[in-house]
Amino acid sequence: MIKEKTNYDIIIVGAGMVGATLACGLAEEAENLSIGLIDANAPNFDWDNNSFDMRVSAITRASQTLFKNIDVWEKILELRVSPYQDMYVWDAEGKGKVHFDSADMGEADLGHIIENRVIVKALHQRVAEISNIDLLCPVKIESINFHDDKTELVLDDQTTLSTKLVVGADGTRSWIRQQADIAVKGWDFDQAALVTTVKTEKHHENTAWQRFLKTGPLAFLPLTDGYSSIVWSTSPDEAKRLTEISKNDFAKELEQAFESKLGKIESVAGRAVFPLRLFETLNYVKPRLALVGDAAHTIHPLAGQGVNLGLSDVASLMTVIVEALNDKKDIGDLKVLRRYERWRRADNRSMLVAMDGIKRLFGSELSVIKDLRNAGLNLTDRITPLKNVLMRQAMGLNALKMDSNSK
Ligand SMILES: Cc1cc2nc3c(=O)[nH]c(=O)nc-3n(C[C@H](O)[C@H](O)[C@H](O)COP(=O)(O)OP(=O)(O)OC[C@H]3O[C@@H](n4cnc5c(N)ncnc54)[C@H](O)[C@@H]3O)c2cc1C
């Protein structure tokens with residue numbers, strides 16, 4: 001099918017959580033901007049409400065505010081969310097533990113656990129309401145050509161789309177990043193995350209639980225009706241084994257690994273394994289190209305920050321583009337895009353390094369390290385100001401403060 005419109009101000013490749021948010025945000029801020037939003041896959045929004053998506057995200061206050069600003073938060077609430085008020089983190093190899101309580105922060109909750117499919121559905125509902133976004137999916141891009149004044153995308157039906165700026169929001173294995181020859185610098189984790197949904201004997205009490213085993217962290221994230229979403233990080237071989245054993249055996253092993261904190265595991269849904277990666281691209285931008293979200297940086301899920309960092313990329317890139325438009329500058333110009341890169345790199349890199357450090361700290365067999373980390377957890381638990389600083393960071397409240405200061 002030959003497309004009617006072939007020329008856009010911006011084309012965003014990837015209509016997932018990050019790319020679709022960027023499209024809605026830009027459309028909200030700049031009504032005259034023409035936006036093409038392309039995805040290789042057509043999402044399936046026809047699901048059984050008695051089941052949960054295996055993939056969920058802990059959404060921070062900063063991300064919630066962004067969703068509110070683009071009229072998506074209400075749609076998410078109508079679908080399904082689980083606010084959580086407490087978080088317990090403890091070390092399997094000692095007595096170290098820390099408890100965060102939203103009441104201590106004067107907040108109603110610490111954040112929300114939301115199924116990824118819910119976020120994407122709400123975003124696509126919003127996209128459908130906006131006239132200056134054309135959603136093209138499923139569409140396969142065959143080639144991309146960067147020129148001085150435009151980027152061209154050749155689709156598999158041989159339509160050529162052209163744009164002043166292409167944004168790669170196509171996830172951790174980004175095709176756009178590869179075509180643009182942007183290298184990545186990463187660490188090999190040799191870890192995988194097993195995800196599933198379980199029903200437990202005791203209610204999770206709207207608490208996010210995380211136990212650090214020496215093989216990796218095990219998280220129970222609260223869903224509605226007393227269900228919990230499991231993210232169990234371990235070696236790839238062990239993750240594979242855990243998907244192959246019977247549901248009964250898996251339930252027993254999970255219960256044991258979690259010290260039966262929520263009693264018996266009463267039911268287990270389907271299990272899936274995701275390889276874990278940690279990398280950052282050497283550049284986030286090139287002339288007529290910007291990368292956002294997992295395409296630019298991918299981190300360990302242990303602190304539930306991956307998509308939140310991607311949404312912070314969106315907020316920054318939106319600001320940079322809108323300011324360039326107001327100043328009548330070319331939005332695909334490298335000088336304009338470099339501002340976005342400088343803005344986001346420091347934040348993303350510090351989170352990457354922190355996640356790597358925490359993962360290594362809890363993986364250490366050295367008794368001196370074990371003693372230190374247990375003492376550190378207990379100390380954090382007792383020093384309220386330190387706890388509040390950590391929690392503000394994790395909830396994205398510091399990012400909100402920075403944004404309002406920069407206005
Ligand atoms: C087990 C696990 C648990 C996690 N938990 C959390 C959490 O609690 N909190 C959190 O913040 N983060 C979490 N993350 C990270 C989070 O899932 C990612 O950061 C997030 O999905 C990235 O969003 P994205 O839109 O950048 O990429 P994606 O979600 O990967 O979306 C990419 C989109 O691009 C499309 N696409 C791909 N290739 C092409 C192509 N060639 N052409 C066109 N379209 C294409 C895809 O179809 C998709 O729609 C977790 C990750 C894992 C693995």
# chains A, B, ... in the order shown; residues from 1 in each chain; ligands from 1

call {"tool": "select_by_dssp", "arguments": {"residues": "region 257-319 of chain A", "states": "strand (DSSP E)", "output": "PyMOL selection string"}}
result
chain A and resi 265-268+272-275+278-281+285-286+289-291+297-298

call {"tool": "closest_residue", "arguments": {"among": "A:Ile265, A:Ala193, A:Leu165, A:Leu66", "to": "Leu311 (chain A)", "atoms": "only C-alpha atoms"}}
result
A:Leu66

call {"tool": "residues_around", "arguments": {"residues": "Ile114 (chain A)", "least_positions_apart": "3", "cutoff": "12 Å", "atoms": "only C-alpha atoms", "output": "ChimeraX atom specification"}}
result
/A:17,52-60,63-64,73,76-84,111,117-122,221-224,228-229,304,307

call {"tool": "write_last_selection", "arguments": {"atoms": "N, CA and C atoms", "output": "short mmCIF file (atom, residue, chain, number, x, y, z; two decimals), in the first residue's frame"}}
result
data_model
loop_
_atom_site.label_atom_id
_atom_site.label_comp_id
_atom_site.auth_asym_id
_atom_site.auth_seq_id
_atom_site.Cartn_x
_atom_site.Cartn_y
_atom_site.Cartn_z
N MET A 17 6.38 1.92 25.02
CA MET A 17 6.08 2.87 26.10
C MET A 17 6.80 4.20 25.89
N PHE A 52 -2.83 -11.44 33.92
CA PHE A 52 -1.96 -10.26 34.00
C PHE A 52 -0.86 -10.39 32.95
N ASP A 53 -0.38 -9.24 32.48
CA ASP A 53 0.79 -9.25 31.59
C ASP A 53 1.99 -9.70 32.42
N MET A 54 2.81 -10.56 31.83
CA MET A 54 4.01 -11.01 32.55
C MET A 54 4.98 -9.86 32.77
N ARG A 55 4.94 -8.88 31.85
CA ARG A 55 5.84 -7.73 31.96
C ARG A 55 5.13 -6.58 32.66
N VAL A 56 5.71 -6.15 33.77
CA VAL A 56 5.15 -4.99 34.48
C VAL A 56 6.28 -3.99 34.72
N SER A 57 5.90 -2.74 35.05
CA SER A 57 6.90 -1.72 35.36
C SER A 57 6.50 -0.99 36.63
N ALA A 58 7.50 -0.70 37.45
CA ALA A 58 7.27 0.16 38.62
C ALA A 58 7.41 1.59 38.13
N ILE A 59 6.30 2.30 38.09
CA ILE A 59 6.28 3.65 37.50
C ILE A 59 6.44 4.71 38.60
N THR A 60 7.45 5.57 38.43
CA THR A 60 7.75 6.58 39.45
C THR A 60 6.80 7.78 39.34
N SER A 63 7.37 9.82 36.16
CA SER A 63 6.74 9.25 34.96
C SER A 63 5.23 9.42 35.01
N GLN A 64 4.66 9.27 36.21
CA GLN A 64 3.21 9.46 36.38
C GLN A 64 2.83 10.89 35.97
N TRP A 73 -2.66 9.36 31.93
CA TRP A 73 -2.75 8.75 33.27
C TRP A 73 -4.17 8.28 33.58
N ILE A 76 -4.84 5.08 31.94
CA ILE A 76 -4.15 3.98 32.62
C ILE A 76 -4.96 3.56 33.86
N LEU A 77 -5.43 4.57 34.62
CA LEU A 77 -6.21 4.27 35.83
C LEU A 77 -7.47 3.48 35.49
N GLU A 78 -8.10 3.84 34.36
CA GLU A 78 -9.33 3.13 33.96
C GLU A 78 -9.05 1.66 33.63
N LEU A 79 -7.83 1.38 33.20
CA LEU A 79 -7.50 -0.01 32.82
C LEU A 79 -7.14 -0.81 34.09
N ARG A 80 -5.97 -0.58 34.68
CA ARG A 80 -5.62 -1.28 35.93
C ARG A 80 -4.26 -0.83 36.42
N VAL A 81 -4.15 -0.43 37.70
CA VAL A 81 -2.84 -0.10 38.30
C VAL A 81 -2.82 -0.62 39.73
N SER A 82 -1.63 -0.76 40.27
CA SER A 82 -1.50 -1.16 41.69
C SER A 82 -0.55 -0.21 42.39
N PRO A 83 -1.09 0.73 43.17
CA PRO A 83 -0.18 1.59 43.94
C PRO A 83 0.47 0.78 45.06
N TYR A 84 1.70 1.12 45.41
CA TYR A 84 2.31 0.44 46.57
C TYR A 84 2.83 1.49 47.55
N GLY A 111 4.81 4.64 44.43
CA GLY A 111 4.75 4.50 42.97
C GLY A 111 3.64 3.53 42.61
N ARG A 117 1.43 -3.81 29.02
CA ARG A 117 0.38 -3.77 27.99
C ARG A 117 -0.66 -2.69 28.31
N VAL A 118 -0.87 -2.42 29.60
CA VAL A 118 -1.81 -1.37 30.00
C VAL A 118 -1.27 0.00 29.58
N ILE A 119 0.03 0.21 29.84
CA ILE A 119 0.63 1.51 29.49
C ILE A 119 0.57 1.72 27.97
N VAL A 120 0.93 0.67 27.22
CA VAL A 120 0.96 0.81 25.76
C VAL A 120 -0.47 1.03 25.22
N LYS A 121 -1.45 0.32 25.79
CA LYS A 121 -2.84 0.49 25.31
C LYS A 121 -3.33 1.91 25.56
N ALA A 122 -3.07 2.43 26.78
CA ALA A 122 -3.52 3.79 27.11
C ALA A 122 -2.86 4.81 26.17
N LEU A 221 6.27 -8.06 43.18
CA LEU A 221 5.69 -6.72 42.98
C LEU A 221 4.17 -6.84 43.05
N PRO A 222 3.52 -5.99 43.86
CA PRO A 222 2.09 -6.17 44.12
C PRO A 222 1.20 -5.81 42.93
N LEU A 223 0.26 -6.73 42.63
CA LEU A 223 -0.76 -6.48 41.61
C LEU A 223 -2.13 -6.44 42.31
N THR A 224 -3.20 -6.28 41.55
CA THR A 224 -4.53 -6.26 42.18
C THR A 224 -4.93 -7.66 42.63
N SER A 228 0.89 -11.24 42.67
CA SER A 228 2.20 -10.58 42.63
C SER A 228 2.91 -10.92 41.33
N SER A 229 3.61 -9.93 40.81
CA SER A 229 4.43 -10.16 39.62
C SER A 229 5.84 -10.48 40.11
N GLY A 304 13.94 -1.21 39.13
CA GLY A 304 12.73 -0.80 38.40
C GLY A 304 12.85 0.59 37.81
N VAL A 307 12.34 1.89 32.27
CA VAL A 307 11.42 2.69 31.46
C VAL A 307 11.31 4.11 32.02
#

call {"tool": "atom_distance", "arguments": {"atom1": "CA of Lys5 (chain A)", "atom2": "CA of Ile133 (chain A)"}}
result
11.4 Å

call {"tool": "closest_residue", "arguments": {"among": "A:Ser350, A:Thr172, A:Thr281, A:Asn248", "to": "Asp294 (chain A)", "atoms": "only C-alpha atoms"}}
result
A:Thr172

call {"tool": "closest_residue", "arguments": {"among": "A:Ile11, A:Val98, A:Val198, A:Val353", "to": "ligand 1", "atoms": "only C-alpha atoms and all ligand atoms"}}
result
A:Ile11

call {"tool": "residues_around", "arguments": {"residues": "Asp101 (chain A)", "least_positions_apart": "2", "cutoff": "10 Å", "atoms": "only C-alpha atoms", "output": "VMD selection string"}}
result
chain A and resid 84 to 88 99 103 to 110 207 387 to 388 391

call {"tool": "write_last_selection", "arguments": {"atoms": "C-alpha atoms", "output": "PDB file, in the first residue's frame"}}
result
ATOM      1  CA  TYR A  84       2.314   0.444  46.566  1.00  0.00           C
ATOM      2  CA  GLN A  85       2.938   2.149  49.877  1.00  0.00           C
ATOM      3  CA  ASP A  86       5.874   0.159  51.261  1.00  0.00           C
ATOM      4  CA  MET A  87       9.027  -1.463  50.055  1.00  0.00           C
ATOM      5  CA  TYR A  88      11.080  -4.101  51.895  1.00  0.00           C
ATOM      6  CA  HIS A  99      11.969  -0.683  54.903  1.00  0.00           C
ATOM      7  CA  ALA A 103       3.924   7.823  54.985  1.00  0.00           C
ATOM      8  CA  ASP A 104       7.479   8.749  56.115  1.00  0.00           C
ATOM      9  CA  MET A 105       7.802  10.751  52.902  1.00  0.00           C
ATOM     10  CA  GLY A 106       4.400  12.409  53.288  1.00  0.00           C
ATOM     11  CA  GLU A 107       3.333  10.704  50.041  1.00  0.00           C
ATOM     12  CA  ALA A 108       0.216   8.627  49.342  1.00  0.00           C
ATOM     13  CA  ASP A 109       2.310   5.907  47.694  1.00  0.00           C
ATOM     14  CA  LEU A 110       5.851   5.103  46.562  1.00  0.00           C
ATOM     15  CA  THR A 207       4.255  -3.729  49.360  1.00  0.00           C
ATOM     16  CA  LYS A 387      16.443   6.886  53.568  1.00  0.00           C
ATOM     17  CA  ASN A 388      14.371   9.818  52.369  1.00  0.00           C
ATOM     18  CA  MET A 391      13.543   7.189  48.202  1.00  0.00           C
TER      19      MET A 391
END

call {"tool": "residues_around", "arguments": {"residues": "Lys240 (chain A)", "least_positions_apart": "3", "cutoff": "10 Å", "atoms": "only C-alpha atoms", "output": "ChimeraX atom specification"}}
result
/A:192-194,234-237,243-245,271-273

call {"tool": "write_last_selection", "arguments": {"atoms": "N, CA and C atoms", "output": "tab-separated table (two decimals), in the first residue's frame"}}
result
chain	number	residue	atom	x	y	z
A	192	ALA	N	19.84	-13.58	33.73
A	192	ALA	CA	18.57	-13.52	33.02
A	192	ALA	C	17.49	-13.30	34.07
A	193	ALA	N	16.34	-12.76	33.63
A	193	ALA	CA	15.24	-12.56	34.57
A	193	ALA	C	14.09	-13.48	34.21
A	194	LEU	N	13.68	-14.28	35.17
A	194	LEU	CA	12.49	-15.10	34.98
A	194	LEU	C	11.30	-14.28	35.47
A	234	THR	N	18.71	-14.36	37.87
A	234	THR	CA	19.63	-15.45	38.22
A	234	THR	C	20.48	-15.79	36.98
A	235	SER	N	21.26	-16.88	37.05
A	235	SER	CA	22.07	-17.21	35.87
A	235	SER	C	21.15	-17.70	34.75
A	236	PRO	N	21.56	-17.54	33.48
A	236	PRO	CA	20.69	-17.98	32.38
A	236	PRO	C	20.34	-19.48	32.48
A	237	ASP	N	21.29	-20.32	32.91
A	237	ASP	CA	21.01	-21.77	33.02
A	237	ASP	C	19.96	-22.04	34.09
A	243	THR	N	12.14	-22.58	34.37
A	243	THR	CA	10.96	-22.57	33.48
A	243	THR	C	10.58	-24.00	33.08
A	244	GLU	N	11.53	-24.91	33.22
A	244	GLU	CA	11.28	-26.28	32.73
A	244	GLU	C	10.67	-27.20	33.80
A	245	ILE	N	10.87	-26.86	35.08
A	245	ILE	CA	10.30	-27.72	36.12
A	245	ILE	C	8.78	-27.50	36.20
A	271	ARG	N	5.51	-18.81	32.55
A	271	ARG	CA	6.84	-18.27	32.92
A	271	ARG	C	7.60	-17.91	31.65
A	272	ALA	N	8.37	-16.83	31.71
A	272	ALA	CA	9.21	-16.45	30.55
A	272	ALA	C	10.53	-15.91	31.07
A	273	VAL	N	11.54	-15.98	30.20
A	273	VAL	CA	12.88	-15.54	30.60
A	273	VAL	C	13.35	-14.43	29.68

call {"tool": "closest_residue", "arguments": {"among": "A:Cys137, A:Val154, A:Ile10, A:Leu213", "to": "ligand 1", "atoms": "only C-alpha atoms and all ligand atoms"}}
result
A:Cys137

call {"tool": "atom_distance", "arguments": {"atom1": "CA of Arg345 (chain A)", "atom2": "CA of Tyr8 (chain A)"}}
result
27.3 Å

call {"tool": "residues_around", "arguments": {"residues": "Ala30 (chain A)", "least_positions_apart": "5", "cutoff": "9 Å", "atoms": "only C-alpha atoms", "output": "PyMOL selection string"}}
result
chain A and resi 25+322+325

call {"tool": "write_last_selection", "arguments": {"atoms": "C-alpha atoms", "output": "compact mmCIF listing (two decimals), in the first residue's frame"}}
result
# COMPACT_ATOMS: atom_id res chain seq x y z
CA GLY A 25 4.11 14.71 24.32
CA VAL A 322 10.10 22.62 21.44
CA LEU A 325 11.04 25.14 17.16
